[in-house]
Every structure is written in C-alpha cells, then in structure tokens.
Amino acid sequence: MSIAESPGFLEAERVGSRRVPFFELRRDGTVFTTVDDGAEQSVFGVYWARLTDDGIEQVRAWFDELSFDDAHYREFSPPTDQPTTVVYANFDGPVGVSVYGLDTESRTRSGNGEMRRLGNVIDRLRALPDDSQLTVQRRAPYTPTALDIAFQPAVSQDDEPLPEPTRWPFAIPLTQRPLGVGGYGRALCATVDGAEAATIVELMAGHDGDTPPHWSTGATPGSGQPTSVLVTVNALLRGRSGCSAVPSAPAPSNHVVVEPLQDVALADPSAWQGHYPADRFATATSLELYASVPILVRELEAREAVEDADGTSDSTELHVPTGSDLTWYDYEFVAAEVGGSRYLDLSARYQGMAPDPWEPSTWHARIALGPETVTDLDLR
C-alpha cells in the first residue's frame with residue numbers, strides 16, 4: 001500500500017524533483033516513509049523500517065476500516081489550494097481513492113467521518129515504524145543504491161552568483177549518459193547506481209539542500225552541451241526504475257521546462273519563420289538548449305548593466321528582459337546552421353495582456369554554440 005501527496009497549486013516545486021510517497025508498505029514488510037519522527041537525519045529525507053507479520057496485518061485491519069469511494073470524501077466547502085492525497089492498497093485486490101484537502105488542520109475541523117477516519121489511520125502510520133512490537137527493523141535513514149540525477153541550466157538564482165561547480169566525479173560525462181526526462185517539469189535526467197550512486201550520496205551529504213548543487217558535467221566547452229548544471233538528486237526506492245530506463249520514459253514532447261524561461265518549445269524547423277537567415281534550420285536538442293540558456297542570460301544581464309550605467313533603465317525605451325520578467329514570454333528555439341557553424345535561434349512573444357511601454361512584445365536572439373556568445377539580439 002502507499003499514501004502519496006501531490007502539492008497544491010501555489011506550492012513551489014523544484015524543477016526535476018520527484019516526491020517519495022509519505023508511506024509505502026511492500027509485501028515483505030519493508031516500509032518507506034518521509035516521516036523522520038526524531039530519527040537520525042537522512043540525506044534524501046527518506047526512512048525505512050520492516051514490519052513483522054503482525055505489523056502487516058495491523059495495517060490491513062486499519063485499511064479494512066476505510067472507504068475507497070471518492071464520493072465519501074467530498075467536503076461541502078473544500079479548502080482552497082490544498083494538496084491531494086492519493087491512497088492505494090492491494091491486500092486482497094487493488095483499491096484506491098484520491099482525497100483533496102486532507103492535512104492535519106483540515107481533518108481536525110472536518111465534519112466528514114471518512115476524512116477523520118483516514119486522518120487517524122495516517123497518524124497511526126506515522127508512528128508505526130517505531131513500534132517495537134510490530135517491527136523487526138525500526139525507523140532508520142534509507143541509503144538508496146540507485147539515484148536519478150535531474151539537471152537544469154546553470155543560471156544563478158535570486159541574484160546570487162553561482163559557486164564554482166563541483167567536479168563531475170566520473171569518466172563518462174553526465175551529458176553523454178543515457179538520458180531520460182524525470183521529475184517535476186520534465187527535466188533532463190540520468191540514472192546512476194551501485195558504486196556511482198554511493199559516490200553521489202557522499203557528495204550530497206555535504207550539501208545544505210536550500211539551493212540545487214552546481215556541478216560540472218564533464219562536457220567539452222563549445223561542444224553544444226552544458227559544461228555545468230544545477231542538479232536535483234532523487235532517491236530511487238528499491239525496485240523502482242530510473243528515468244534513464246526506456247519503459248519509464250514518457251512520450252516525446254517538444255515542450256520543456258527550463259529555468260528561468262519556464263515553458264520552452266523546440267520548434268519545427270520546417271515551419272520556422274525566423275528573424276535571421278541560415279543555410280539550414282534543424283530541430284534543437286535539449287542539451288543544446290541547456291547550453292544556450294546561461295549564455296543568453298549572461299548577455300541579457302550584461303546589457304541591463306549597460307542600461308543602468310547609461311541611465312536609460314528608467315526610460316520608456318525598450319529594455320532587455322531579465323530575472324522574473326523572462327517568465328512573461330513564450331519561447332521557441334530552433335537550431336540554425338550557417339557557414340558550417342551551429343547556432344540556436346529563439347523567438348520570444350509576450351504572453352500577458354499587454355506589455356508595459358518599456359517591455360518588448362517580441363524579441364529575437366541568435367546564440368553561437370561554439371564560441372558561446374550571443375551574436376544577435378533584437379527587441380520589438
């Protein structure tokens with residue numbers, strides 16, 4: 001059985017992150033949970049325990065008391081922007097229910113008997129891994145033997161400069177490994193296991209967790225691949241497939257979430273009506289996109305600094321967008337080949353109701369992947 005929680009609409013999720021179930025019970029009695037309840041700190045916030053046969057039967061008995069009819073959990077006035085809790089069990093056949101707004105505060109106020117009953121079962125499950133009578137292994141930090149490493153372009157956050165990247169510790173670059181997409185926002189992702197996973201666990205043990213680590217990738221500068229990235233490392237529970245596994249890879253999509261631009265489309269080259277000429281247009285790869293975004297952001301920030309120095313930043317002339325203003329645009333990228341060199345062209349269109357007088361409604365750029373420079377930038 002498992003109980004998992006999805007975030008509310010306004011709850012921030014790190015791109016590439018993947019939530020572990022609040023509580024998961026395997027047939028052999030192994031429990032995985034995100035509740036520490038005073039246990040030694042876990043690097044990835046995941047803990048494990050093992051129940052006795054009596055412990056498994058106790059959980060079965062608790063679940064026998066629950067309703068798995070969605071209609072029984074509907075509140076007359078459900079709370080706004082609350083998480084959704086998904087409950088699944090397969091003791092005598094698969095059953096499941098999805099409950100909106102089930103958190104500690106709401107269920108203490110709830111007049112719904114089924115909501116209160118489910119809340120009470122969740123409270124019992126929180127404490128179960130420390131029950132000396134119902135466990136053969138009490139709650140302890142879980143050290144995964146396989147990890148998903150999701151990554152994003154290396155762009156500074158909150159105007160803080162990026163630290164020097166931690167060196168990628170393996171001979172095969174991150175960008176040359178089998179890549180899938182995983183976690184929130186469809187981030188590029190690679191799976192490592194065994195001794196490599198143990199090395200990554202050691203690296204993550206020294207990280208504070210407030211910001212994503214900045215790592216080199218092992219890629220060659222000017223290769224059209226990112227040389228450093230911001231990473232989110234997700235623990236894989238025993239037996240779970242990683243993002244690099246072919247069966248787990250979702251159907252291809254031309255849309256990718258890329259910070260700080262947000263939603264980006266890899267445009268169809270045959271339909272591209274670009275701002276700059278080229279010998280040939282081709283579909284941009286996600287790795288090229290990840291390599292080009294830091295180059296673009298650095299150029300925009302440099303031009304903003306010039307505007308500030310010239311005293312034009314307060315004028316109604318068109319200003320380059322930077323920071324959070326970048327999220328107001330829809331982006332399309334395409335690869336352009338010119339004279340044997342490869343570039344990425346972008347077209348950005350304002351998606352709000354109407355831009356301010358100093359905000360361009362559209363803008364275009366051409367990014368040279370070899371020398372890693374922006375060769376053209378036009379605001380309109």
# chains A, B, ... in the order shown; residues from 1 in each chain; ligands from 1

$ residues_around --residues "range 84-90 of chain A" --least-positions-apart "3" --cutoff "8 Å" --atoms "only C-alpha atoms" --output "PyMOL selection string"
chain A and resi 1-8+63+93-102

$ write_last_selection --atoms "all heavy atoms" --output "short mmCIF file (atom, residue, chain, number, x, y, z; two decimals), in the first residue's frame"
data_model
loop_
_atom_site.label_atom_id
_atom_site.label_comp_id
_atom_site.auth_asym_id
_atom_site.auth_seq_id
_atom_site.Cartn_x
_atom_site.Cartn_y
_atom_site.Cartn_z
N MET A 1 0.84 -1.18 0.00
CA MET A 1 0.00 0.00 0.00
C MET A 1 0.89 1.24 0.00
O MET A 1 2.07 1.17 0.36
CB MET A 1 -0.94 0.03 1.21
CG MET A 1 -0.30 -0.14 2.59
SD MET A 1 0.67 1.26 3.23
CE MET A 1 -0.54 2.56 3.19
N SER A 2 0.31 2.34 -0.44
CA SER A 2 1.07 3.59 -0.43
C SER A 2 0.12 4.76 -0.22
O SER A 2 -1.06 4.70 -0.58
CB SER A 2 1.86 3.78 -1.73
OG SER A 2 0.99 4.05 -2.80
N ILE A 3 0.68 5.81 0.36
CA ILE A 3 -0.02 7.08 0.51
C ILE A 3 0.92 8.16 0.00
O ILE A 3 2.04 8.31 0.51
CB ILE A 3 -0.41 7.35 1.97
CG1 ILE A 3 -1.37 6.27 2.48
CG2 ILE A 3 -1.07 8.73 2.11
CD1 ILE A 3 -1.76 6.44 3.94
N ALA A 4 0.50 8.85 -1.02
CA ALA A 4 1.34 9.89 -1.63
C ALA A 4 0.57 11.20 -1.67
O ALA A 4 -0.66 11.21 -1.74
CB ALA A 4 1.75 9.48 -3.05
N GLU A 5 1.31 12.29 -1.63
CA GLU A 5 0.70 13.62 -1.60
C GLU A 5 1.25 14.45 -2.74
O GLU A 5 2.46 14.53 -2.92
CB GLU A 5 0.98 14.29 -0.26
CG GLU A 5 0.24 15.61 -0.07
CD GLU A 5 0.51 16.20 1.30
OE1 GLU A 5 1.58 16.82 1.47
OE2 GLU A 5 -0.33 16.04 2.19
N SER A 6 0.36 15.07 -3.51
CA SER A 6 0.78 16.00 -4.55
C SER A 6 0.62 17.41 -4.01
O SER A 6 -0.26 17.68 -3.19
CB SER A 6 -0.06 15.81 -5.81
OG SER A 6 -1.43 16.08 -5.54
N PRO A 7 1.45 18.35 -4.47
CA PRO A 7 1.41 19.70 -3.90
C PRO A 7 0.19 20.48 -4.35
O PRO A 7 -0.43 20.18 -5.38
CB PRO A 7 2.69 20.33 -4.43
CG PRO A 7 2.94 19.62 -5.73
CD PRO A 7 2.47 18.21 -5.51
N GLY A 8 -0.14 21.52 -3.59
CA GLY A 8 -1.15 22.47 -4.02
C GLY A 8 -0.62 23.33 -5.16
O GLY A 8 0.58 23.36 -5.45
N PHE A 63 -6.82 -0.52 7.17
CA PHE A 63 -7.34 -0.20 5.84
C PHE A 63 -8.71 -0.83 5.60
O PHE A 63 -9.49 -0.33 4.80
CB PHE A 63 -6.34 -0.64 4.76
CG PHE A 63 -5.35 0.43 4.42
CD1 PHE A 63 -4.40 0.85 5.34
CD2 PHE A 63 -5.38 1.06 3.18
CE1 PHE A 63 -3.50 1.84 5.06
CE2 PHE A 63 -4.49 2.06 2.87
CZ PHE A 63 -3.54 2.46 3.80
N GLY A 93 -6.71 -7.22 -3.45
CA GLY A 93 -7.12 -6.67 -4.74
C GLY A 93 -6.92 -5.16 -4.71
O GLY A 93 -7.03 -4.54 -3.64
N PRO A 94 -6.59 -4.56 -5.85
CA PRO A 94 -6.25 -3.14 -5.86
C PRO A 94 -7.45 -2.24 -5.63
O PRO A 94 -8.51 -2.41 -6.24
CB PRO A 94 -5.67 -2.92 -7.26
CG PRO A 94 -6.27 -4.01 -8.10
CD PRO A 94 -6.46 -5.18 -7.18
N VAL A 95 -7.28 -1.28 -4.72
CA VAL A 95 -8.29 -0.25 -4.46
C VAL A 95 -7.55 1.07 -4.26
O VAL A 95 -6.38 1.09 -3.88
CB VAL A 95 -9.15 -0.56 -3.22
CG1 VAL A 95 -10.07 -1.75 -3.46
CG2 VAL A 95 -8.27 -0.80 -2.00
N GLY A 96 -8.22 2.17 -4.51
CA GLY A 96 -7.59 3.46 -4.33
C GLY A 96 -8.60 4.57 -4.22
O GLY A 96 -9.76 4.43 -4.63
N VAL A 97 -8.15 5.69 -3.67
CA VAL A 97 -9.01 6.85 -3.53
C VAL A 97 -8.12 8.10 -3.54
O VAL A 97 -6.96 8.06 -3.12
CB VAL A 97 -9.83 6.78 -2.22
CG1 VAL A 97 -8.95 6.91 -1.00
CG2 VAL A 97 -10.95 7.81 -2.21
N SER A 98 -8.66 9.18 -4.06
CA SER A 98 -7.95 10.45 -4.11
C SER A 98 -8.72 11.46 -3.27
O SER A 98 -9.93 11.67 -3.50
CB SER A 98 -7.84 10.93 -5.57
OG SER A 98 -7.18 12.16 -5.66
N VAL A 99 -8.03 12.10 -2.32
CA VAL A 99 -8.70 12.97 -1.35
C VAL A 99 -8.07 14.35 -1.41
O VAL A 99 -6.86 14.50 -1.20
CB VAL A 99 -8.60 12.40 0.08
CG1 VAL A 99 -9.36 13.29 1.05
CG2 VAL A 99 -9.13 10.98 0.11
N TYR A 100 -8.88 15.36 -1.67
CA TYR A 100 -8.39 16.74 -1.73
C TYR A 100 -8.51 17.41 -0.36
O TYR A 100 -9.52 17.28 0.32
CB TYR A 100 -9.21 17.54 -2.75
CG TYR A 100 -8.84 19.00 -2.82
CD1 TYR A 100 -7.66 19.41 -3.42
CD2 TYR A 100 -9.66 19.97 -2.26
CE1 TYR A 100 -7.31 20.75 -3.48
CE2 TYR A 100 -9.33 21.31 -2.32
CZ TYR A 100 -8.16 21.70 -2.93
OH TYR A 100 -7.81 23.02 -2.97
N GLY A 101 -7.46 18.12 0.02
CA GLY A 101 -7.53 18.93 1.23
C GLY A 101 -7.36 18.15 2.52
O GLY A 101 -7.81 18.60 3.57
N LEU A 102 -6.71 16.99 2.46
CA LEU A 102 -6.50 16.20 3.69
C LEU A 102 -5.16 16.58 4.29
O LEU A 102 -4.11 16.13 3.88
CB LEU A 102 -6.52 14.70 3.37
CG LEU A 102 -6.33 13.78 4.58
CD1 LEU A 102 -7.55 13.80 5.46
CD2 LEU A 102 -6.03 12.36 4.14
#

$ select_by_dssp --residues "range 163-314 of chain A" --states "alpha helix (DSSP H)" --output "PDB file with N, CA and C atoms, in the first residue's frame"
ATOM      1  N   GLY A 194      24.808   1.530  -7.945  1.00  0.00           N
ATOM      2  CA  GLY A 194      25.996   0.859  -7.450  1.00  0.00           C
ATOM      3  C   GLY A 194      27.009   1.817  -6.846  1.00  0.00           C
ATOM      4  N   ALA A 195      28.291   1.625  -7.223  1.00  0.00           N
ATOM      5  CA  ALA A 195      29.375   2.443  -6.672  1.00  0.00           C
ATOM      6  C   ALA A 195      29.223   3.913  -7.047  1.00  0.00           C
ATOM      7  N   GLU A 196      28.708   4.183  -8.234  1.00  0.00           N
ATOM      8  CA  GLU A 196      28.499   5.577  -8.637  1.00  0.00           C
ATOM      9  C   GLU A 196      27.454   6.236  -7.748  1.00  0.00           C
ATOM     10  N   ALA A 197      26.379   5.510  -7.442  1.00  0.00           N
ATOM     11  CA  ALA A 197      25.355   6.062  -6.544  1.00  0.00           C
ATOM     12  C   ALA A 197      25.949   6.354  -5.176  1.00  0.00           C
ATOM     13  N   ALA A 198      26.813   5.473  -4.679  1.00  0.00           N
ATOM     14  CA  ALA A 198      27.441   5.691  -3.377  1.00  0.00           C
ATOM     15  C   ALA A 198      28.297   6.961  -3.382  1.00  0.00           C
ATOM     16  N   THR A 199      28.983   7.215  -4.501  1.00  0.00           N
ATOM     17  CA  THR A 199      29.788   8.433  -4.623  1.00  0.00           C
ATOM     18  C   THR A 199      28.906   9.674  -4.586  1.00  0.00           C
ATOM     19  N   ILE A 200      27.770   9.629  -5.287  1.00  0.00           N
ATOM     20  CA  ILE A 200      26.861  10.774  -5.300  1.00  0.00           C
ATOM     21  C   ILE A 200      26.253  10.997  -3.918  1.00  0.00           C
ATOM     22  N   VAL A 201      25.950   9.918  -3.206  1.00  0.00           N
ATOM     23  CA  VAL A 201      25.422  10.058  -1.838  1.00  0.00           C
ATOM     24  C   VAL A 201      26.429  10.809  -0.973  1.00  0.00           C
ATOM     25  N   GLU A 202      27.710  10.494  -1.117  1.00  0.00           N
ATOM     26  CA  GLU A 202      28.740  11.193  -0.347  1.00  0.00           C
ATOM     27  C   GLU A 202      28.792  12.673  -0.714  1.00  0.00           C
ATOM     28  N   LEU A 203      28.669  12.986  -2.011  1.00  0.00           N
ATOM     29  CA  LEU A 203      28.665  14.389  -2.436  1.00  0.00           C
ATOM     30  C   LEU A 203      27.474  15.135  -1.847  1.00  0.00           C
ATOM     31  N   MET A 204      26.309  14.502  -1.848  1.00  0.00           N
ATOM     32  CA  MET A 204      25.095  15.166  -1.386  1.00  0.00           C
ATOM     33  C   MET A 204      25.087  15.330   0.132  1.00  0.00           C
ATOM     34  N   ALA A 205      25.821  14.492   0.842  1.00  0.00           N
ATOM     35  CA  ALA A 205      25.839  14.577   2.300  1.00  0.00           C
ATOM     36  C   ALA A 205      26.417  15.899   2.778  1.00  0.00           C
ATOM     37  N   SER A 286      17.682  19.123 -26.591  1.00  0.00           N
ATOM     38  CA  SER A 286      17.526  19.639 -25.231  1.00  0.00           C
ATOM     39  C   SER A 286      18.877  20.028 -24.634  1.00  0.00           C
ATOM     40  N   LEU A 287      19.933  19.258 -24.937  1.00  0.00           N
ATOM     41  CA  LEU A 287      21.255  19.606 -24.422  1.00  0.00           C
ATOM     42  C   LEU A 287      21.741  20.936 -24.996  1.00  0.00           C
ATOM     43  N   GLU A 288      21.471  21.199 -26.276  1.00  0.00           N
ATOM     44  CA  GLU A 288      21.828  22.493 -26.863  1.00  0.00           C
ATOM     45  C   GLU A 288      21.062  23.618 -26.176  1.00  0.00           C
ATOM     46  N   LEU A 289      19.804  23.356 -25.874  1.00  0.00           N
ATOM     47  CA  LEU A 289      19.002  24.349 -25.169  1.00  0.00           C
ATOM     48  C   LEU A 289      19.601  24.641 -23.795  1.00  0.00           C
ATOM     49  N   TYR A 290      19.969  23.586 -23.063  1.00  0.00           N
ATOM     50  CA  TYR A 290      20.552  23.760 -21.728  1.00  0.00           C
ATOM     51  C   TYR A 290      21.881  24.510 -21.801  1.00  0.00           C
ATOM     52  N   ALA A 291      22.640  24.304 -22.890  1.00  0.00           N
ATOM     53  CA  ALA A 291      23.918  25.003 -23.044  1.00  0.00           C
ATOM     54  C   ALA A 291      23.717  26.473 -23.387  1.00  0.00           C
ATOM     55  N   SER A 292      22.655  26.779 -24.148  1.00  0.00           N
ATOM     56  CA  SER A 292      22.473  28.141 -24.656  1.00  0.00           C
ATOM     57  C   SER A 292      21.847  29.090 -23.641  1.00  0.00           C
ATOM     58  N   VAL A 293      21.020  28.569 -22.732  1.00  0.00           N
ATOM     59  CA  VAL A 293      20.297  29.455 -21.810  1.00  0.00           C
ATOM     60  C   VAL A 293      21.246  30.262 -20.923  1.00  0.00           C
ATOM     61  N   PRO A 294      22.274  29.671 -20.294  1.00  0.00           N
ATOM     62  CA  PRO A 294      23.196  30.505 -19.499  1.00  0.00           C
ATOM     63  C   PRO A 294      23.914  31.567 -20.334  1.00  0.00           C
ATOM     64  N   ILE A 295      24.246  31.236 -21.586  1.00  0.00           N
ATOM     65  CA  ILE A 295      24.889  32.219 -22.474  1.00  0.00           C
ATOM     66  C   ILE A 295      23.947  33.398 -22.696  1.00  0.00           C
ATOM     67  N   LEU A 296      22.673  33.098 -22.953  1.00  0.00           N
ATOM     68  CA  LEU A 296      21.677  34.130 -23.187  1.00  0.00           C
ATOM     69  C   LEU A 296      21.472  34.990 -21.947  1.00  0.00           C
ATOM     70  N   VAL A 297      21.324  34.363 -20.787  1.00  0.00           N
ATOM     71  CA  VAL A 297      21.064  35.113 -19.559  1.00  0.00           C
ATOM     72  C   VAL A 297      22.235  36.027 -19.228  1.00  0.00           C
ATOM     73  N   ARG A 298      23.466  35.548 -19.414  1.00  0.00           N
ATOM     74  CA  ARG A 298      24.627  36.398 -19.155  1.00  0.00           C
ATOM     75  C   ARG A 298      24.619  37.638 -20.052  1.00  0.00           C
ATOM     76  N   GLU A 299      24.253  37.447 -21.321  1.00  0.00           N
ATOM     77  CA  GLU A 299      24.208  38.583 -22.256  1.00  0.00           C
ATOM     78  C   GLU A 299      23.129  39.578 -21.858  1.00  0.00           C
ATOM     79  N   LEU A 300      21.957  39.081 -21.481  1.00  0.00           N
ATOM     80  CA  LEU A 300      20.873  39.976 -21.072  1.00  0.00           C
ATOM     81  C   LEU A 300      21.261  40.770 -19.830  1.00  0.00           C
ATOM     82  N   GLU A 301      21.891  40.097 -18.875  1.00  0.00           N
ATOM     83  CA  GLU A 301      22.299  40.798 -17.650  1.00  0.00           C
ATOM     84  C   GLU A 301      23.387  41.824 -17.936  1.00  0.00           C
ATOM     85  N   ALA A 302      24.298  41.520 -18.868  1.00  0.00           N
ATOM     86  CA  ALA A 302      25.339  42.485 -19.231  1.00  0.00           C
ATOM     87  C   ALA A 302      24.728  43.717 -19.893  1.00  0.00           C
ATOM     88  N   ARG A 303      23.735  43.506 -20.742  1.00  0.00           N
ATOM     89  CA  ARG A 303      23.084  44.646 -21.405  1.00  0.00           C
ATOM     90  C   ARG A 303      22.260  45.449 -20.415  1.00  0.00           C
ATOM     91  N   GLU A 304      21.661  44.790 -19.443  1.00  0.00           N
ATOM     92  CA  GLU A 304      20.926  45.517 -18.409  1.00  0.00           C
ATOM     93  C   GLU A 304      21.881  46.398 -17.611  1.00  0.00           C
ATOM     94  N   ALA A 305      23.067  45.886 -17.319  1.00  0.00           N
ATOM     95  CA  ALA A 305      24.061  46.679 -16.582  1.00  0.00           C
ATOM     96  C   ALA A 305      24.456  47.915 -17.375  1.00  0.00           C
ATOM     97  N   VAL A 306      24.557  47.792 -18.685  1.00  0.00           N
ATOM     98  CA  VAL A 306      24.868  48.952 -19.536  1.00  0.00           C
ATOM     99  C   VAL A 306      23.726  49.955 -19.492  1.00  0.00           C
ATOM    100  N   GLU A 307      22.481  49.485 -19.557  1.00  0.00           N
ATOM    101  CA  GLU A 307      21.322  50.379 -19.455  1.00  0.00           C
ATOM    102  C   GLU A 307      21.346  51.150 -18.139  1.00  0.00           C
ATOM    103  N   ASP A 308      21.676  50.449 -17.052  1.00  0.00           N
ATOM    104  CA  ASP A 308      21.744  51.117 -15.750  1.00  0.00           C
ATOM    105  C   ASP A 308      22.845  52.176 -15.742  1.00  0.00           C
ATOM    106  N   ALA A 309      23.995  51.840 -16.313  1.00  0.00           N
ATOM    107  CA  ALA A 309      25.122  52.777 -16.322  1.00  0.00           C
ATOM    108  C   ALA A 309      24.829  53.994 -17.200  1.00  0.00           C
ATOM    109  N   ASP A 310      24.077  53.783 -18.278  1.00  0.00           N
ATOM    110  CA  ASP A 310      23.747  54.882 -19.187  1.00  0.00           C
ATOM    111  C   ASP A 310      22.582  55.724 -18.702  1.00  0.00           C
TER     112      ASP A 310
END

$ atom_distance --atom1 "CA of Leu134 in chain A" --atom2 "CA of Thr52 in chain A"
5.4 Å

$ residues_around --residues "Thr30 in chain A" --least-positions-apart "2" --cutoff "10 Å" --atoms "only C-alpha atoms" --output "short mmCIF file (atom, residue, chain, number, x, y, z; two decimals) with all heavy atoms, in the first residue's frame"
data_model
loop_
_atom_site.label_atom_id
_atom_site.label_comp_id
_atom_site.auth_asym_id
_atom_site.auth_seq_id
_atom_site.Cartn_x
_atom_site.Cartn_y
_atom_site.Cartn_z
N GLU A 24 4.92 3.96 2.29
CA GLU A 24 4.77 2.85 1.34
C GLU A 24 5.13 1.55 2.04
O GLU A 24 6.18 1.44 2.68
CB GLU A 24 5.66 3.06 0.12
CG GLU A 24 5.54 1.95 -0.93
CD GLU A 24 6.31 2.27 -2.19
OE1 GLU A 24 5.94 3.26 -2.86
OE2 GLU A 24 7.28 1.56 -2.51
N LEU A 25 4.27 0.56 1.92
CA LEU A 25 4.48 -0.76 2.54
C LEU A 25 4.58 -1.80 1.44
O LEU A 25 3.66 -1.93 0.61
CB LEU A 25 3.32 -1.09 3.49
CG LEU A 25 3.29 -2.52 4.05
CD1 LEU A 25 4.53 -2.81 4.89
CD2 LEU A 25 2.01 -2.75 4.87
N ARG A 26 5.68 -2.55 1.42
CA ARG A 26 5.88 -3.64 0.46
C ARG A 26 5.38 -4.96 1.05
O ARG A 26 5.17 -5.09 2.26
CB ARG A 26 7.37 -3.76 0.11
CG ARG A 26 8.00 -2.48 -0.45
CD ARG A 26 7.58 -2.22 -1.88
NE ARG A 26 8.16 -1.00 -2.42
CZ ARG A 26 9.36 -0.93 -2.99
NH1 ARG A 26 10.13 -2.00 -3.06
NH2 ARG A 26 9.79 0.22 -3.49
N ARG A 27 5.24 -5.97 0.20
CA ARG A 27 4.69 -7.25 0.66
C ARG A 27 5.58 -7.95 1.68
O ARG A 27 5.10 -8.73 2.50
CB ARG A 27 4.46 -8.18 -0.56
CG ARG A 27 3.33 -7.72 -1.44
CD ARG A 27 2.95 -8.78 -2.47
NE ARG A 27 1.88 -8.29 -3.33
CZ ARG A 27 0.60 -8.34 -3.02
NH1 ARG A 27 0.23 -8.84 -1.86
NH2 ARG A 27 -0.31 -7.88 -3.86
N ASP A 28 6.90 -7.69 1.62
CA ASP A 28 7.79 -8.34 2.58
C ASP A 28 7.86 -7.60 3.90
O ASP A 28 8.65 -7.96 4.78
CB ASP A 28 9.19 -8.48 1.99
CG ASP A 28 9.86 -7.13 1.74
OD1 ASP A 28 9.21 -6.08 1.94
OD2 ASP A 28 11.05 -7.12 1.34
N PHE A 32 8.78 2.32 3.52
CA PHE A 32 9.50 3.55 3.19
C PHE A 32 8.61 4.72 3.60
O PHE A 32 7.40 4.70 3.35
CB PHE A 32 9.80 3.63 1.70
CG PHE A 32 10.74 2.56 1.21
CD1 PHE A 32 10.27 1.50 0.46
CD2 PHE A 32 12.09 2.61 1.50
CE1 PHE A 32 11.12 0.50 0.01
CE2 PHE A 32 12.95 1.62 1.07
CZ PHE A 32 12.46 0.56 0.31
N TRP A 48 13.39 4.03 6.34
CA TRP A 48 12.82 2.71 6.10
C TRP A 48 12.68 1.96 7.42
O TRP A 48 13.29 2.31 8.43
CB TRP A 48 13.68 1.91 5.12
CG TRP A 48 14.93 1.32 5.73
CD1 TRP A 48 16.07 1.97 6.08
CD2 TRP A 48 15.13 -0.05 6.08
NE1 TRP A 48 16.99 1.09 6.62
CE2 TRP A 48 16.44 -0.16 6.63
CE3 TRP A 48 14.34 -1.19 5.97
CZ2 TRP A 48 16.96 -1.36 7.07
CZ3 TRP A 48 14.86 -2.40 6.42
CH2 TRP A 48 16.16 -2.48 6.95
N ALA A 49 11.85 0.94 7.39
CA ALA A 49 11.66 0.05 8.53
C ALA A 49 11.15 -1.27 7.98
O ALA A 49 10.86 -1.37 6.77
CB ALA A 49 10.68 0.64 9.54
N ARG A 50 11.05 -2.28 8.82
CA ARG A 50 10.45 -3.54 8.38
C ARG A 50 9.49 -4.02 9.45
O ARG A 50 9.85 -4.10 10.63
CB ARG A 50 11.51 -4.60 8.08
CG ARG A 50 10.90 -5.94 7.63
CD ARG A 50 11.90 -6.85 6.94
NE ARG A 50 12.25 -6.33 5.63
CZ ARG A 50 13.49 -6.31 5.14
NH1 ARG A 50 14.48 -6.75 5.87
NH2 ARG A 50 13.72 -5.86 3.94
N LEU A 51 8.27 -4.33 9.01
CA LEU A 51 7.23 -4.77 9.92
C LEU A 51 7.27 -6.28 10.12
O LEU A 51 7.72 -7.03 9.25
CB LEU A 51 5.85 -4.39 9.38
CG LEU A 51 5.58 -2.91 9.08
CD1 LEU A 51 4.12 -2.74 8.68
CD2 LEU A 51 5.93 -2.02 10.26
N THR A 52 6.79 -6.71 11.26
CA THR A 52 6.54 -8.14 11.48
C THR A 52 5.27 -8.52 10.72
O THR A 52 4.55 -7.67 10.18
CB THR A 52 6.33 -8.41 12.97
OG1 THR A 52 5.16 -7.69 13.40
CG2 THR A 52 7.52 -7.96 13.79
N ILE A 56 2.08 -6.12 9.52
CA ILE A 56 1.39 -6.07 8.22
C ILE A 56 -0.10 -6.27 8.41
O ILE A 56 -0.94 -5.56 7.81
CB ILE A 56 1.97 -7.13 7.27
CG1 ILE A 56 3.45 -6.84 6.99
CG2 ILE A 56 1.18 -7.18 5.97
CD1 ILE A 56 4.16 -7.94 6.21
N PRO A 129 6.53 2.84 12.31
CA PRO A 129 7.92 2.37 12.16
C PRO A 129 8.73 2.39 13.46
O PRO A 129 9.86 1.87 13.47
CB PRO A 129 8.51 3.34 11.12
CG PRO A 129 7.34 3.81 10.34
CD PRO A 129 6.24 3.93 11.34
N THR A 135 7.60 -4.23 14.64
CA THR A 135 8.70 -4.08 13.68
C THR A 135 9.85 -5.01 14.05
O THR A 135 10.10 -5.29 15.21
CB THR A 135 9.24 -2.64 13.64
OG1 THR A 135 9.73 -2.29 14.94
CG2 THR A 135 8.18 -1.65 13.21
N VAL A 136 10.56 -5.47 13.01
CA VAL A 136 11.82 -6.19 13.23
C VAL A 136 12.99 -5.25 12.92
O VAL A 136 14.13 -5.55 13.29
CB VAL A 136 11.91 -7.45 12.35
CG1 VAL A 136 10.91 -8.49 12.81
CG2 VAL A 136 11.71 -7.13 10.88
N GLN A 137 12.72 -4.18 12.23
CA GLN A 137 13.70 -3.12 11.99
C GLN A 137 12.98 -1.79 12.16
O GLN A 137 12.07 -1.47 11.41
CB GLN A 137 14.28 -3.20 10.57
CG GLN A 137 15.04 -1.96 10.10
CD GLN A 137 16.28 -1.67 10.93
OE1 GLN A 137 17.12 -2.54 11.10
NE2 GLN A 137 16.39 -0.45 11.45
N ARG A 238 13.88 0.98 -3.54
CA ARG A 238 14.28 -0.35 -4.01
C ARG A 238 13.28 -0.89 -5.04
O ARG A 238 12.08 -0.88 -4.82
CB ARG A 238 14.35 -1.30 -2.82
CG ARG A 238 14.94 -2.67 -3.12
CD ARG A 238 14.68 -3.62 -1.96
NE ARG A 238 13.27 -3.98 -1.87
CZ ARG A 238 12.67 -4.35 -0.74
NH1 ARG A 238 13.33 -4.36 0.40
NH2 ARG A 238 11.39 -4.70 -0.75
#

$ closest_residue --among "A:Ile149, A:Val155, A:Val229, A:Leu174" --to "Thr191 in chain A" --atoms "only C-alpha atoms"
A:Ile149

$ residues_around --residues "range 349-366 of chain A" --least-positions-apart "6" --cutoff "8 Å" --atoms "only C-alpha atoms" --output "list in words"
His275, Tyr276, Ser315, Thr316, Glu317, Leu318, His319, Val320, Pro321, Trp328, Tyr329, Asp330, Tyr331, Tyr343, Val374, Thr375, Asp376, Leu377, Asp378, Leu379 and Arg380 of chain A
